[in-house]
Each structure stands twice: as structure tokens, then as C-alpha cells.
>>> print(open('work35.txt').read())   # compact mmCIF, C-alpha atoms and all ligand atoms
# COMPACT_ATOMS: atom_id res chain seq x y z
CA MET A 1 -4.99 -185.54 -10.50
CA ASN A 2 -7.99 -183.30 -11.14
CA ARG A 3 -9.77 -181.97 -8.08
CA VAL A 4 -11.45 -184.74 -6.09
CA TYR A 5 -14.63 -183.38 -4.52
CA LEU A 6 -15.67 -185.39 -1.49
CA ASP A 7 -17.87 -182.90 0.35
CA HIS A 8 -21.30 -183.56 -1.12
CA ALA A 9 -22.93 -183.13 2.28
CA ALA A 10 -21.83 -179.49 2.17
CA THR A 11 -23.12 -178.87 -1.32
CA THR A 12 -23.27 -180.43 -4.79
CA LYS A 13 -22.38 -179.20 -8.26
CA PRO A 14 -25.59 -178.23 -10.07
CA ASP A 15 -26.60 -180.69 -12.77
CA GLN A 16 -26.29 -179.37 -16.33
CA ARG A 17 -30.01 -180.06 -16.93
CA VAL A 18 -30.83 -177.93 -13.88
CA LEU A 19 -28.70 -175.07 -15.15
CA GLU A 20 -30.28 -175.19 -18.60
CA ALA A 21 -33.80 -175.10 -17.17
CA MET A 22 -32.87 -172.16 -14.93
CA LEU A 23 -31.16 -170.24 -17.70
CA ALA A 24 -34.27 -170.51 -19.87
CA VAL A 25 -36.31 -168.93 -17.07
CA TYR A 26 -33.79 -166.12 -16.54
CA LYS A 27 -33.68 -165.42 -20.28
CA GLU A 28 -37.30 -165.82 -21.31
CA ASP A 29 -39.61 -165.69 -18.30
CA TRP A 30 -38.08 -163.18 -15.92
CA GLY A 31 -41.36 -161.47 -15.09
CA ASN A 32 -42.64 -160.96 -11.55
CA PRO A 33 -45.03 -163.84 -10.88
CA SER A 34 -47.37 -161.49 -8.99
CA SER A 35 -47.93 -159.31 -12.11
CA ILE A 36 -51.19 -159.82 -13.95
CA TYR A 37 -49.82 -159.21 -17.46
CA LEU A 38 -48.28 -161.83 -19.76
CA GLU A 39 -44.68 -161.76 -18.43
CA GLY A 40 -45.93 -162.27 -14.89
CA GLN A 41 -48.27 -165.05 -15.85
CA GLN A 42 -45.52 -166.91 -17.69
CA ALA A 43 -43.34 -166.79 -14.56
CA ARG A 44 -46.32 -167.85 -12.44
CA ARG A 45 -46.87 -170.86 -14.68
CA TRP A 46 -43.29 -172.03 -14.05
CA ILE A 47 -43.84 -171.88 -10.29
CA ASP A 48 -47.16 -173.73 -10.50
CA GLN A 49 -45.71 -176.46 -12.72
CA SER A 50 -42.66 -176.89 -10.50
CA ARG A 51 -44.77 -177.09 -7.36
CA ASP A 52 -47.04 -179.68 -8.97
CA ARG A 53 -44.00 -181.70 -10.02
CA CYS A 54 -42.58 -181.70 -6.47
CA ALA A 55 -46.00 -182.54 -5.02
CA ALA A 56 -46.35 -185.52 -7.34
CA LEU A 57 -42.88 -186.79 -6.36
CA LEU A 58 -43.66 -186.44 -2.66
CA GLU A 59 -47.23 -187.75 -3.16
CA VAL A 60 -48.74 -184.72 -1.43
CA GLU A 61 -51.06 -181.89 -2.49
CA SER A 62 -49.48 -178.87 -4.21
CA ASP A 63 -51.09 -176.60 -1.62
CA GLU A 64 -49.06 -178.33 1.06
CA LEU A 65 -45.75 -177.10 -0.37
CA LEU A 66 -44.02 -173.82 0.30
CA PHE A 67 -40.84 -172.64 -1.44
CA THR A 68 -38.31 -170.96 0.86
CA SER A 69 -34.72 -169.70 0.65
CA GLY A 70 -33.22 -173.04 1.73
CA GLY A 71 -32.93 -175.61 4.48
CA THR A 72 -32.25 -173.06 7.21
CA GLU A 73 -35.34 -171.01 6.44
CA SER A 74 -37.52 -174.12 6.12
CA ASP A 75 -36.33 -175.35 9.53
CA ASN A 76 -36.86 -171.95 11.13
CA ALA A 77 -40.27 -171.51 9.52
CA ALA A 78 -41.37 -175.01 10.55
CA ILE A 79 -40.29 -174.69 14.16
CA ARG A 80 -41.33 -171.12 14.89
CA GLY A 81 -44.48 -171.46 12.82
CA VAL A 82 -45.71 -174.50 14.73
CA ALA A 83 -44.54 -173.31 18.15
CA PHE A 84 -46.49 -170.05 18.04
CA ALA A 85 -49.59 -171.57 16.46
CA GLN A 86 -49.73 -174.41 19.00
CA ARG A 87 -49.19 -172.01 21.91
CA GLU A 88 -51.99 -169.82 20.57
CA LEU A 89 -54.27 -172.86 20.67
CA GLY A 90 -53.38 -173.34 24.33
CA LEU A 91 -51.77 -176.72 23.70
CA GLY A 92 -48.52 -176.00 25.49
CA THR A 93 -45.00 -174.65 25.10
CA HIS A 94 -42.76 -177.72 25.23
CA ILE A 95 -40.60 -178.73 22.25
CA VAL A 96 -38.61 -181.94 21.81
CA THR A 97 -35.66 -182.26 19.44
CA SER A 98 -32.34 -184.11 19.41
CA GLN A 99 -28.88 -183.00 20.48
CA ILE A 100 -27.45 -183.73 17.01
CA GLU A 101 -29.75 -181.60 14.86
CA HIS A 102 -28.31 -179.10 12.41
CA HIS A 103 -27.84 -175.63 13.92
CA ALA A 104 -30.73 -174.42 11.78
CA VAL A 105 -32.95 -176.42 14.14
CA LEU A 106 -30.94 -176.13 17.36
CA HIS A 107 -30.56 -172.36 17.21
CA ALA A 108 -34.22 -171.90 16.31
CA VAL A 109 -35.26 -173.96 19.35
CA GLU A 110 -32.76 -172.18 21.61
CA GLN A 111 -34.19 -168.86 20.50
CA LEU A 112 -37.70 -170.06 21.36
CA GLU A 113 -36.46 -170.94 24.84
CA LYS A 114 -35.56 -167.25 25.25
CA GLU A 115 -39.11 -166.42 24.16
CA GLY A 116 -40.86 -168.48 26.83
CA PHE A 117 -40.86 -171.99 25.37
CA GLU A 118 -39.30 -175.04 27.01
CA ALA A 119 -37.15 -177.60 25.23
CA THR A 120 -35.83 -181.12 25.68
CA TYR A 121 -32.79 -182.15 23.61
CA LEU A 122 -32.80 -185.92 23.23
CA PRO A 123 -29.46 -187.66 23.73
CA VAL A 124 -28.17 -190.15 21.16
CA ASP A 125 -26.24 -193.40 21.48
CA GLU A 126 -22.63 -193.83 20.32
CA GLN A 127 -23.87 -194.39 16.76
CA GLY A 128 -25.75 -191.08 16.71
CA ILE A 129 -29.26 -192.49 16.99
CA ILE A 130 -31.99 -191.58 19.49
CA GLN A 131 -33.52 -194.19 21.79
CA MET A 132 -37.27 -194.81 21.60
CA ASP A 133 -37.79 -195.12 25.35
CA THR A 134 -36.01 -191.81 26.02
CA LEU A 135 -38.18 -190.20 23.37
CA ALA A 136 -41.36 -191.66 24.88
CA ASP A 137 -40.34 -190.40 28.34
CA SER A 138 -39.73 -186.89 26.98
CA ILE A 139 -43.22 -186.42 25.50
CA ARG A 140 -45.53 -184.58 27.91
CA GLU A 141 -49.11 -183.37 27.85
CA ASP A 142 -47.88 -179.90 26.90
CA THR A 143 -45.42 -181.06 24.20
CA ILE A 144 -46.38 -179.27 21.00
CA LEU A 145 -43.60 -180.21 18.57
CA LEU A 146 -41.09 -182.96 17.85
CA SER A 147 -38.35 -181.99 15.39
CA LEU A 148 -36.16 -184.94 14.44
CA MET A 149 -33.73 -184.97 11.52
CA LEU A 150 -33.90 -187.86 9.06
CA ALA A 151 -30.17 -188.15 8.36
CA ASN A 152 -27.31 -186.50 10.18
CA ASN A 153 -25.07 -184.28 8.07
CA GLU A 154 -21.85 -185.12 9.94
CA VAL A 155 -21.93 -188.84 10.69
CA GLY A 156 -24.71 -189.99 8.36
CA SER A 157 -26.78 -191.71 11.03
CA LEU A 158 -30.41 -192.32 10.06
CA GLN A 159 -33.05 -191.61 12.69
CA PRO A 160 -36.12 -193.83 13.05
CA VAL A 161 -38.40 -190.89 12.22
CA GLN A 162 -41.45 -192.98 11.30
CA ASN A 163 -41.28 -194.98 14.51
CA ALA A 164 -40.57 -191.86 16.58
CA ALA A 165 -43.63 -190.12 15.11
CA GLU A 166 -45.78 -193.08 16.09
CA VAL A 167 -44.42 -193.21 19.64
CA ALA A 168 -44.80 -189.44 20.09
CA ARG A 169 -48.35 -189.33 18.76
CA GLU A 170 -49.37 -192.21 20.97
CA LYS A 171 -48.27 -190.22 24.01
CA ASN A 172 -49.78 -186.96 22.80
CA PRO A 173 -52.17 -186.81 19.82
CA HIS A 174 -51.76 -183.01 19.52
CA ILE A 175 -48.04 -183.16 18.86
CA VAL A 176 -46.81 -181.91 15.47
CA ILE A 177 -43.90 -183.77 13.87
CA HIS A 178 -41.24 -182.04 11.78
CA SER A 179 -38.27 -183.68 10.09
CA ASP A 180 -35.23 -182.03 8.53
CA ALA A 181 -34.69 -184.35 5.56
CA VAL A 182 -32.08 -182.12 3.86
CA GLN A 183 -29.46 -184.86 3.73
CA GLY A 184 -31.86 -187.67 2.90
CA VAL A 185 -32.96 -186.83 -0.64
CA GLY A 186 -32.00 -189.52 -3.11
CA ALA A 187 -30.87 -191.85 -0.32
CA VAL A 188 -33.91 -192.50 1.85
CA ASP A 189 -37.66 -192.58 1.19
CA ILE A 190 -38.69 -189.07 2.18
CA ARG A 191 -42.39 -189.16 1.35
CA PRO A 192 -44.24 -187.54 4.28
CA SER A 193 -46.82 -190.34 4.29
CA VAL A 194 -44.03 -192.89 4.74
CA LEU A 195 -42.17 -190.88 7.37
CA ASN A 196 -45.48 -190.06 9.06
CA VAL A 197 -44.53 -186.39 9.52
CA ASP A 198 -46.53 -183.15 9.39
CA LEU A 199 -43.68 -180.95 8.18
CA LEU A 200 -40.62 -181.75 6.09
CA THR A 201 -37.58 -179.61 5.22
CA LEU A 202 -35.63 -179.94 1.94
CA ALA A 203 -32.81 -177.88 0.34
CA GLY A 204 -32.07 -177.78 -3.40
CA HIS A 205 -28.27 -177.53 -3.29
CA LYS A 206 -27.84 -180.89 -1.57
CA PHE A 207 -29.09 -182.81 -4.62
CA TYR A 208 -27.47 -181.10 -7.61
CA GLY A 209 -29.91 -178.20 -7.58
CA PRO A 210 -29.32 -174.49 -6.98
CA LYS A 211 -28.41 -172.84 -3.69
CA GLY A 212 -30.79 -170.48 -1.92
CA ILE A 213 -33.92 -172.51 -2.57
CA GLY A 214 -35.71 -174.84 -0.20
CA LEU A 215 -39.03 -176.53 0.26
CA LEU A 216 -41.24 -176.86 3.28
CA TYR A 217 -44.02 -179.42 3.31
CA ILE A 218 -46.84 -178.54 5.69
CA ARG A 219 -49.55 -181.18 6.00
CA GLN A 220 -53.05 -179.74 5.51
CA GLY A 221 -54.61 -178.76 8.84
CA THR A 222 -51.30 -178.48 10.73
CA PRO A 223 -51.31 -175.54 13.16
CA TRP A 224 -48.74 -173.18 11.66
CA GLU A 225 -48.15 -169.44 11.42
CA PRO A 226 -46.21 -167.67 8.65
CA PHE A 227 -42.63 -166.77 9.49
CA VAL A 228 -41.44 -164.47 6.69
CA LEU A 229 -43.92 -161.61 6.55
CA GLY A 230 -44.38 -159.27 3.62
CA GLY A 231 -46.33 -159.57 0.40
CA GLY A 232 -49.04 -162.16 -0.05
CA GLN A 233 -46.87 -164.63 -1.94
CA GLU A 234 -47.09 -168.38 -1.44
CA LYS A 235 -50.78 -167.94 -0.49
CA GLU A 236 -49.91 -165.54 2.34
CA ARG A 237 -47.53 -168.08 3.84
CA ARG A 238 -44.19 -166.54 2.84
CA GLY A 239 -43.68 -162.95 1.78
CA GLY A 240 -41.16 -162.01 -0.92
CA THR A 241 -40.95 -162.21 -4.70
CA GLU A 242 -40.43 -165.84 -5.59
CA ASN A 243 -37.07 -167.18 -6.79
CA VAL A 244 -38.62 -168.42 -10.03
CA ALA A 245 -35.48 -169.86 -11.63
CA GLY A 246 -34.47 -171.41 -8.30
CA ILE A 247 -37.87 -173.03 -7.95
CA VAL A 248 -37.64 -174.45 -11.49
CA GLY A 249 -34.10 -175.69 -10.81
CA PHE A 250 -35.23 -177.26 -7.55
CA ALA A 251 -38.02 -179.21 -9.26
CA VAL A 252 -35.75 -180.47 -12.07
CA ALA A 253 -33.05 -181.55 -9.59
CA PHE A 254 -35.60 -183.16 -7.28
CA ASP A 255 -37.08 -185.14 -10.14
CA LEU A 256 -33.63 -186.35 -11.23
CA ALA A 257 -32.59 -187.20 -7.66
CA LEU A 258 -35.63 -189.35 -7.06
CA ARG A 259 -35.61 -191.02 -10.47
CA GLU A 260 -31.94 -191.97 -10.48
CA VAL A 261 -31.89 -192.98 -6.87
CA GLU A 262 -31.38 -196.72 -6.86
CA LYS A 263 -28.53 -197.08 -9.34
CA LYS A 264 -26.71 -194.19 -7.75
CA ASN A 265 -27.00 -195.47 -4.20
CA THR A 266 -25.76 -198.96 -4.93
CA GLU A 267 -22.66 -197.65 -6.72
CA ILE A 268 -21.94 -194.92 -4.20
CA GLN A 269 -22.40 -197.26 -1.26
CA LYS A 270 -19.93 -199.73 -2.75
CA LEU A 271 -17.29 -197.00 -3.03
CA ARG A 272 -18.08 -195.62 0.42
CA ASN A 273 -17.74 -199.11 1.95
CA ARG A 274 -14.16 -199.23 0.69
CA LEU A 275 -13.42 -196.17 2.85
CA LEU A 276 -15.35 -197.59 5.79
CA TYR A 277 -13.57 -200.94 5.78
CA GLU A 278 -10.16 -200.11 4.31
CA ILE A 279 -9.16 -196.88 6.07
CA PRO A 280 -9.15 -198.49 9.56
CA GLU A 281 -6.89 -201.20 8.14
CA LEU A 282 -4.51 -198.74 6.50
CA VAL A 283 -4.38 -196.09 9.24
CA PRO A 284 -3.73 -197.20 12.83
CA ASP A 285 -5.94 -195.66 15.54
CA THR A 286 -8.80 -194.78 13.23
CA VAL A 287 -12.13 -194.49 15.03
CA ILE A 288 -15.16 -194.72 12.74
CA THR A 289 -17.88 -192.30 13.85
CA GLY A 290 -21.52 -193.03 13.13
CA PRO A 291 -23.10 -196.41 12.39
CA VAL A 292 -21.02 -199.16 10.80
CA ASP A 293 -24.19 -200.99 9.74
CA PRO A 294 -24.99 -199.60 6.26
CA ALA A 295 -28.72 -199.90 6.96
CA LEU A 296 -28.37 -197.23 9.66
CA ARG A 297 -26.19 -194.85 7.67
CA LEU A 298 -26.44 -192.63 4.58
CA PRO A 299 -24.91 -194.54 1.65
CA ASN A 300 -22.53 -191.69 0.72
CA ASN A 301 -21.20 -190.79 4.18
CA PHE A 302 -17.84 -191.76 5.64
CA SER A 303 -16.68 -190.17 8.88
CA CYS A 304 -13.95 -190.97 11.34
CA CYS A 305 -11.45 -189.55 13.82
CA PHE A 306 -7.68 -190.11 13.85
CA ARG A 307 -6.15 -190.04 17.29
CA ASN A 308 -3.33 -187.48 17.78
CA VAL A 309 -4.00 -185.52 14.63
CA GLU A 310 -5.54 -182.07 14.20
CA GLY A 311 -8.54 -182.32 11.84
CA GLU A 312 -7.80 -178.96 10.22
CA SER A 313 -4.29 -180.13 9.28
CA VAL A 314 -5.75 -183.21 7.60
CA LEU A 315 -8.12 -181.01 5.59
CA LEU A 316 -5.32 -178.65 4.53
CA SER A 317 -3.07 -181.57 3.56
CA LEU A 318 -5.88 -183.10 1.53
CA ASP A 319 -6.57 -179.77 -0.16
CA MET A 320 -2.90 -179.59 -1.17
CA ILE A 321 -3.22 -182.93 -2.95
CA GLU A 322 -6.41 -181.69 -4.68
CA VAL A 323 -8.99 -183.30 -2.38
CA ALA A 324 -11.94 -181.32 -0.96
CA ALA A 325 -13.06 -182.81 2.36
CA SER A 326 -14.60 -181.64 5.59
CA SER A 327 -14.34 -182.12 9.33
CA GLY A 328 -17.11 -182.09 11.91
CA SER A 329 -15.60 -179.14 13.74
CA ALA A 330 -16.92 -175.64 13.32
CA CYS A 331 -14.55 -172.76 13.78
CA THR A 332 -16.23 -170.17 15.96
CA THR A 333 -14.67 -166.96 17.27
CA GLY A 334 -11.20 -168.20 16.45
CA ALA A 335 -11.43 -171.24 18.73
CA LEU A 336 -12.06 -174.71 17.40
CA GLU A 337 -15.17 -176.04 19.08
CA PRO A 338 -15.55 -179.80 18.92
CA SER A 339 -18.58 -180.87 16.93
CA HIS A 340 -21.78 -180.95 19.00
CA VAL A 341 -22.72 -184.14 17.14
CA LEU A 342 -19.56 -186.02 18.12
CA THR A 343 -19.77 -184.69 21.68
CA ALA A 344 -23.37 -185.94 21.96
CA MET A 345 -22.18 -189.35 20.73
CA GLY A 346 -19.70 -189.51 23.60
CA VAL A 347 -16.55 -188.78 21.56
CA ASP A 348 -13.99 -187.04 23.80
CA ASN A 349 -12.83 -183.51 22.92
CA ASP A 350 -9.34 -184.44 21.73
CA LEU A 351 -10.61 -187.14 19.46
CA ALA A 352 -13.44 -184.95 18.17
CA HIS A 353 -10.84 -182.39 17.04
CA SER A 354 -9.41 -184.95 14.63
CA SER A 355 -12.56 -185.67 12.66
CA LEU A 356 -12.72 -186.20 8.92
CA ARG A 357 -15.85 -186.44 6.81
CA LEU A 358 -15.82 -187.65 3.21
CA THR A 359 -19.15 -187.55 1.42
CA LEU A 360 -19.39 -189.11 -2.03
CA GLY A 361 -21.55 -188.05 -4.94
CA ASN A 362 -22.84 -189.05 -8.36
CA GLU A 363 -19.53 -188.25 -10.06
CA THR A 364 -17.23 -189.99 -7.53
CA THR A 365 -15.10 -192.67 -9.21
CA ASN A 366 -13.25 -195.75 -8.02
CA ASP A 367 -9.98 -194.08 -9.09
CA GLU A 368 -10.68 -191.20 -6.72
CA ILE A 369 -11.31 -193.58 -3.84
CA GLU A 370 -8.08 -195.44 -4.73
CA TYR A 371 -6.27 -192.12 -4.63
CA ILE A 372 -7.58 -191.36 -1.11
CA LEU A 373 -6.66 -194.83 0.11
CA GLU A 374 -3.19 -194.42 -1.31
CA LYS A 375 -2.48 -190.92 0.02
CA LEU A 376 -4.29 -190.72 3.37
CA PRO A 377 -2.08 -193.13 5.39
CA SER A 378 1.11 -191.14 4.70
CA ILE A 379 -0.65 -187.83 5.45
CA ILE A 380 -1.78 -189.08 8.86
CA GLU A 381 1.62 -190.61 9.57
CA ARG A 382 3.39 -187.35 8.73
CA LEU A 383 1.02 -185.22 10.82
CA ARG A 384 1.32 -187.59 13.77
CA ALA A 385 5.10 -187.36 13.60
CA LEU A 386 4.79 -183.56 13.80
CA ALA A 387 2.12 -183.39 16.52
CA PRO A 388 2.70 -183.56 20.26
CA ASP A 389 1.24 -186.72 21.79
CA LEU A 390 -2.27 -185.69 22.94
CA SER A 391 -3.20 -189.03 24.47
C1 LIG B 401 -29.27 -181.38 7.92
C2 LIG B 401 -29.21 -179.97 7.41
N1 LIG B 401 -30.20 -179.13 7.69
C3 LIG B 401 -30.20 -177.86 7.24
C4 LIG B 401 -29.17 -177.38 6.48
C5 LIG B 401 -29.20 -175.96 6.01
O1 LIG B 401 -29.51 -175.88 4.67
P1 LIG B 401 -29.20 -174.56 3.80
O2 LIG B 401 -27.73 -174.54 3.60
O3 LIG B 401 -29.95 -174.76 2.52
O4 LIG B 401 -29.71 -173.41 4.56
C6 LIG B 401 -28.10 -178.23 6.15
C7 LIG B 401 -26.95 -177.73 5.37
O5 LIG B 401 -25.83 -178.17 5.53
C8 LIG B 401 -28.12 -179.57 6.63
O6 LIG B 401 -27.12 -180.41 6.36
>>> encode(input="work35.txt", output="C-alpha cells", more="lines below")
Ligand SMILES: Cc1ncc(COP(=O)(O)O)c(C=O)c1O
Amino acid sequence: MNRVYLDHAATTKPDQRVLEAMLAVYKEDWGNPSSIYLEGQQARRWIDQSRDRCAALLEVESDELLFTSGGTESDNAAIRGVAFAQRELGLGTHIVTSQIEHHAVLHAVEQLEKEGFEATYLPVDEQGIIQMDTLADSIREDTILLSLMLANNEVGSLQPVQNAAEVAREKNPHIVIHSDAVQGVGAVDIRPSVLNVDLLTLAGHKFYGPKGIGLLYIRQGTPWEPFVLGGGQEKERRGGTENVAGIVGFAVAFDLALREVEKKNTEIQKLRNRLLYEIPELVPDTVITGPVDPALRLPNNFSCCFRNVEGESVLLSLDMIEVAASSGSACTTGALEPSHVLTAMGVDNDLAHSSLRLTLGNETTNDEIEYILEKLPSIIERLRALAPDLS
């Protein structure tokens, strides 16, 4: 068996068309886009064209888009940028987000708490979805920002961002709404006008584009301060010489992701549903994490926990049979911390340590899914036989 890559939520293999477009820029138009001579202007043209292309796909103005170094920077820039600008306007210091955000959001908000801001972390239900009444209760007169992810990277749950934005604005018209839509591209409608958000985060490497390039949409008129200071690039909104090839690669990948969306999702969802429905039948004591209703879940995400098994051992065993997979746990300072997402969903610590995430992609085949369904039951059985009973 060739390698079976089932970790598309972590990153994706760049599309050949993306690589070709990027290579052409590196070879031919490597000038500094801030230079006034020909080489610089050629590079500048690539950036302008790519920005226009992304703007057309998102149905926004080109001026509302900022290229960054990825999802983490876009999240940080969105949150810090709005927080300081809103505080400057005297509108307050309270931020609302959810307990299951990516650390790029959570750590940015936690840092702001150390800098004099206040935060509320919304709980989620057992499916990993926020409740509208809890959200409404959390919005105060001094709430300046709601940051709510569109799709969770671990369990695939989809948040009702559009509805949440409406509820939040009704309680406080000055609130700014940001959504981390990194995992949603190609799966969910991410147009800011549809989601009803003021800021939107995207990252190129999650949809067959390059790493180290992200996009931040900032709706015109949104209070926001620059985060990365330096040269006057990106109209004084982000210092630093632009990643021209990365920007070009981002735009090509984004275009492909949005154009090929429907066909891809139907096929991927069909394969994913096999995992969702067949693994619990094949492996005793499987607990599906995240929504079972496909309408509430990313089409490519499967996640579960196996009682009495160590998640890391499952990953290593899968790697040995040529399968790349992931767990929800993050290894920090040598100790395995249970995933904050699973903990927020009410999954107990022992169970959370046995999590497995399989995320499918454009190149995933039925044979690969068959292979998983054939091999996984004996892997879990063997590991359970070796492990002490944790229940
Ligand atoms: C939901 C979410 N937000 C943000 C990020 C960070 O993106 P990047 O790796 O481009 O910094 C990720 C990456 O896994 C993600 O899944």
C-alpha cells in the first residue's frame, strides 16, 4: 500500500497548478513589489491580480483584503487589531469567543486578558456547537469583539456564525464579528456577506495552496489597527516584503477550491460517512466525537475516541501500516494534555486521550477507506489487549 494521507485538516499537498504558478513567479518575477522599476512592477502586478481574484471569489472589495503569513497571523491581527482600535474609541474591553477555538485565537485572547481586556469563553454542547441563548447572555454593552470559528479543526463541528452575528449585533450594534474560517474553505459558503462577519481568516495550506500565506478580510469601516509594523506594505496595514509567489499560489488554490467544491464534497462526504457509520460497528466501544448529523459537520472530518486505548499508540500503529492520521491531543512539555476541544464537549480525560481524527481530501479513494476499515479493528483490539484497563 502506498502512503494513505488522512490528515488534510493539518495540511494539504499543494496542487500541481499552484506549484507551476508559483514557480513562474520565482523564476521570472522575483522583484521586490515595492521597487519602482520594471522588476518590481511585474511583481506588484501579480499581487494586485491575485488580490482581485480573491476579492471576486469572496464578493468583496480588493481593498478589504490583506495577505498575511497564515491563519495564525490573520487570527492574531484580527483580534488584537480590533481590540485596541475599539478600546481607543472608548467602546469597551470585553471580548467573547468560544472554548473550542484554535489556539491562534485562544492564546491571542488570553494575551489580551493580561493586557487589561476581559474575556468570556462560550461553552459548547456535546456536539461542539455553541448555544444561542448563552451567546446572547454573554454580550454586554462593553463587548467589542466576537470571534467565532466557522468549522472546528478537531471534530468538524460547524458553528452557526451567521445567526450568532445577528444575535450579537442585536444586543450591541458596536460589536465587531470575526470568524476563523480556515477549515471551511471548499466545504462551507465563506463569503463574508453570507456569514455576516466583519473579519474573516483564511490559510492557503488547508486547500492545496502553499504554507506560510494567509488572508484577512477586513470589512470597510471596521475599527482595526495594524498588527505587524514595519514598511508601508499592504497599504500600511502589514509591514514586510510581500510573499509574492505565496500570494499567487494562494489565489490559484482558492480559485480551484471554490470552483471544484460541489463535486468534491459529495464524493468526500460519501467516503467519510463510511467511517462514521462503519467504524462504530467494527470496533466495540467507539465514541464518535462531534456532530453525527452531516449538516452540522465538515464533510471530510471523522473523529472518535476508543475507550481503553492510548491515542498516540493508534497513530504510531497506523503510521506503521502507511497511514497518516492525527489525534486531538497536543503534546506539551512532555505530558499529554487532553484536547481542550474534547474537554469543552464534556469528554472525560481518559477517553479524550484515545482520540483519532481522520480528515479526507481530494485524492482520498474508496480503496484507502476500505484499507482503514479492514486494518483498524485489529489495531484497536491488539492495543486494548496490551493496555491496562483504564475504565
Ligand atoms: C481553525 C484553524 N485556525 C488557524 C490555524 C492556523 O493556521 P496556520 O497554520 O496557517 O497558521 C489552523 C491550523 O491548523 C486551524 O485549523
>>> residues_around(input="work35.txt", residues="Gln269 in chain A", least_positions_apart="5", cutoff="9 Å", atoms="all atoms listed in the file", output="ChimeraX atom specification")
/A:264,274,294,298-301,360
>>> residues_near_ligand(input="work35.txt", ligand="ligand LIG 401 (chain B)", cutoff="10 Å", atoms="all atoms listed in the file", output="ChimeraX atom specification")
/A:8-11,68-76,100-105,149-154,156,179-184,201-206,210-215
>>> write_last_selection(input="work35.txt", atoms="C-alpha atoms", output="JSON list (two decimals), keeping the file's coordinate frame")
[["chain", "number", "residue", "atom", "x", "y", "z"],
["A", 8, "HIS", "CA", -21.30, -183.56, -1.12],
["A", 9, "ALA", "CA", -22.93, -183.13, 2.28],
["A", 10, "ALA", "CA", -21.83, -179.49, 2.17],
["A", 11, "THR", "CA", -23.12, -178.87, -1.32],
["A", 68, "THR", "CA", -38.31, -170.96, 0.86],
["A", 69, "SER", "CA", -34.72, -169.70, 0.65],
["A", 70, "GLY", "CA", -33.22, -173.04, 1.73],
["A", 71, "GLY", "CA", -32.93, -175.61, 4.48],
["A", 72, "THR", "CA", -32.25, -173.06, 7.21],
["A", 73, "GLU", "CA", -35.34, -171.01, 6.44],
["A", 74, "SER", "CA", -37.52, -174.12, 6.12],
["A", 75, "ASP", "CA", -36.33, -175.35, 9.53],
["A", 76, "ASN", "CA", -36.86, -171.95, 11.13],
["A", 100, "ILE", "CA", -27.45, -183.73, 17.01],
["A", 101, "GLU", "CA", -29.75, -181.60, 14.86],
["A", 102, "HIS", "CA", -28.31, -179.10, 12.41],
["A", 103, "HIS", "CA", -27.84, -175.63, 13.92],
["A", 104, "ALA", "CA", -30.73, -174.42, 11.78],
["A", 105, "VAL", "CA", -32.95, -176.42, 14.14],
["A", 149, "MET", "CA", -33.73, -184.97, 11.52],
["A", 150, "LEU", "CA", -33.90, -187.86, 9.06],
["A", 151, "ALA", "CA", -30.17, -188.15, 8.36],
["A", 152, "ASN", "CA", -27.31, -186.50, 10.18],
["A", 153, "ASN", "CA", -25.07, -184.28, 8.07],
["A", 154, "GLU", "CA", -21.85, -185.12, 9.94],
["A", 156, "GLY", "CA", -24.71, -189.99, 8.36],
["A", 179, "SER", "CA", -38.27, -183.68, 10.09],
["A", 180, "ASP", "CA", -35.23, -182.03, 8.53],
["A", 181, "ALA", "CA", -34.69, -184.35, 5.56],
["A", 182, "VAL", "CA", -32.08, -182.12, 3.86],
["A", 183, "GLN", "CA", -29.46, -184.86, 3.73],
["A", 184, "GLY", "CA", -31.86, -187.67, 2.90],
["A", 201, "THR", "CA", -37.58, -179.61, 5.22],
["A", 202, "LEU", "CA", -35.63, -179.94, 1.94],
["A", 203, "ALA", "CA", -32.81, -177.88, 0.34],
["A", 204, "GLY", "CA", -32.07, -177.78, -3.40],
["A", 205, "HIS", "CA", -28.27, -177.53, -3.29],
["A", 206, "LYS", "CA", -27.84, -180.89, -1.57],
["A", 210, "PRO", "CA", -29.32, -174.49, -6.98],
["A", 211, "LYS", "CA", -28.41, -172.84, -3.69],
["A", 212, "GLY", "CA", -30.79, -170.48, -1.92],
["A", 213, "ILE", "CA", -33.92, -172.51, -2.57],
["A", 214, "GLY", "CA", -35.71, -174.84, -0.20],
["A", 215, "LEU", "CA", -39.03, -176.53, 0.26]]
>>> closest_atom_pairs(input="work35.txt", of="range 267-318 of chain A", to="range 337-353 of chain A", cutoff="8 Å", atoms="only C-alpha atoms", output="Markdown table")
| residue | atom | partner | partner_atom | distance |
| --- | --- | --- | --- | --- |
| A:Thr289 | CA | A:Leu342 | CA | 7.8 |
| A:Cys305 | CA | A:Leu351 | CA | 6.2 |
| A:Phe306 | CA | A:Leu351 | CA | 7.0 |
| A:Arg307 | CA | A:Leu351 | CA | 5.7 |
| A:Asn308 | CA | A:Leu351 | CA | 7.5 |
| A:Val309 | CA | A:His353 | CA | 7.9 |
| A:Glu310 | CA | A:His353 | CA | 6.0 |
| A:Gly311 | CA | A:His353 | CA | 5.7 |
>>> residues_near_point(input="work35.txt", point="(-6.3, -198.2, 17.5)", cutoff="12 Å", atoms="all atoms listed in the file", output="list in words")
Ile279, Pro280, Glu281, Leu282, Val283, Pro284, Asp285, Thr286, Val287, Ile288, Cys305, Phe306, Arg307, Asn308 and Ser391 of chain A
>>> atom_distance(input="work35.txt", atom1="CA of Asn32 in chain A", atom2="CA of Ala56 in chain A")
25.2 Å
>>> closest_atom_pairs(input="work35.txt", of="range 32-116 of chain A", to="range 189-199 of chain A", cutoff="8 Å", atoms="all atoms listed in the file", output="JSON lines")
{"residue": "A:Leu58", "atom": "CA", "partner": "A:Arg191", "partner_atom": "CA", "distance": 5.0}
{"residue": "A:Glu59", "atom": "CA", "partner": "A:Arg191", "partner_atom": "CA", "distance": 6.8}
{"residue": "A:Val60", "atom": "CA", "partner": "A:Pro192", "partner_atom": "CA", "distance": 7.8}
{"residue": "A:Ala78", "atom": "CA", "partner": "A:Leu199", "partner_atom": "CA", "distance": 6.8}
>>> atom_distance(input="work35.txt", atom1="CA of Thr12 in chain A", atom2="CA of Gly240 in chain A")
26.0 Å
>>> residues_around(input="work35.txt", residues="Thr222 in chain A", least_positions_apart="4", cutoff="8 Å", atoms="only C-alpha atoms", output="PyMOL selection string")
chain A and resi 82+176+198+218
>>> atom_distance(input="work35.txt", atom1="CA of Gly361 in chain A", atom2="CA of Phe207 in chain A")
9.2 Å
>>> closest_residue(input="work35.txt", among="A:Cys54, A:Asn362, A:Arg219, A:Arg382", to="Ala187 in chain A", atoms="all atoms listed in the file")
A:Asn362
>>> closest_residue(input="work35.txt", among="A:Tyr371, A:Tyr208, A:Trp30, A:Tyr277", to="Gly249 in chain A", atoms="only C-alpha atoms")
A:Tyr208
>>> residues_around(input="work35.txt", residues="Ala136 in chain A", least_positions_apart="3", cutoff="9 Å", atoms="only C-alpha atoms", output="list in words")
Gln131, Met132, Asp133, Ile139, Arg140, Ala164, Val167, Ala168, Glu170 and Lys171 of chain A
>>> closest_residue(input="work35.txt", among="A:Met22, A:Ala43, A:Val323, A:Ala165", to="Met1 in chain A", atoms="all atoms listed in the file")
A:Val323
>>> residues_around(input="work35.txt", residues="Glu141 in chain A", least_positions_apart="4", cutoff="9 Å", atoms="all atoms listed in the file", output="list in words")
Leu91, Gly92, His94, Lys171, Asn172 and His174 of chain A
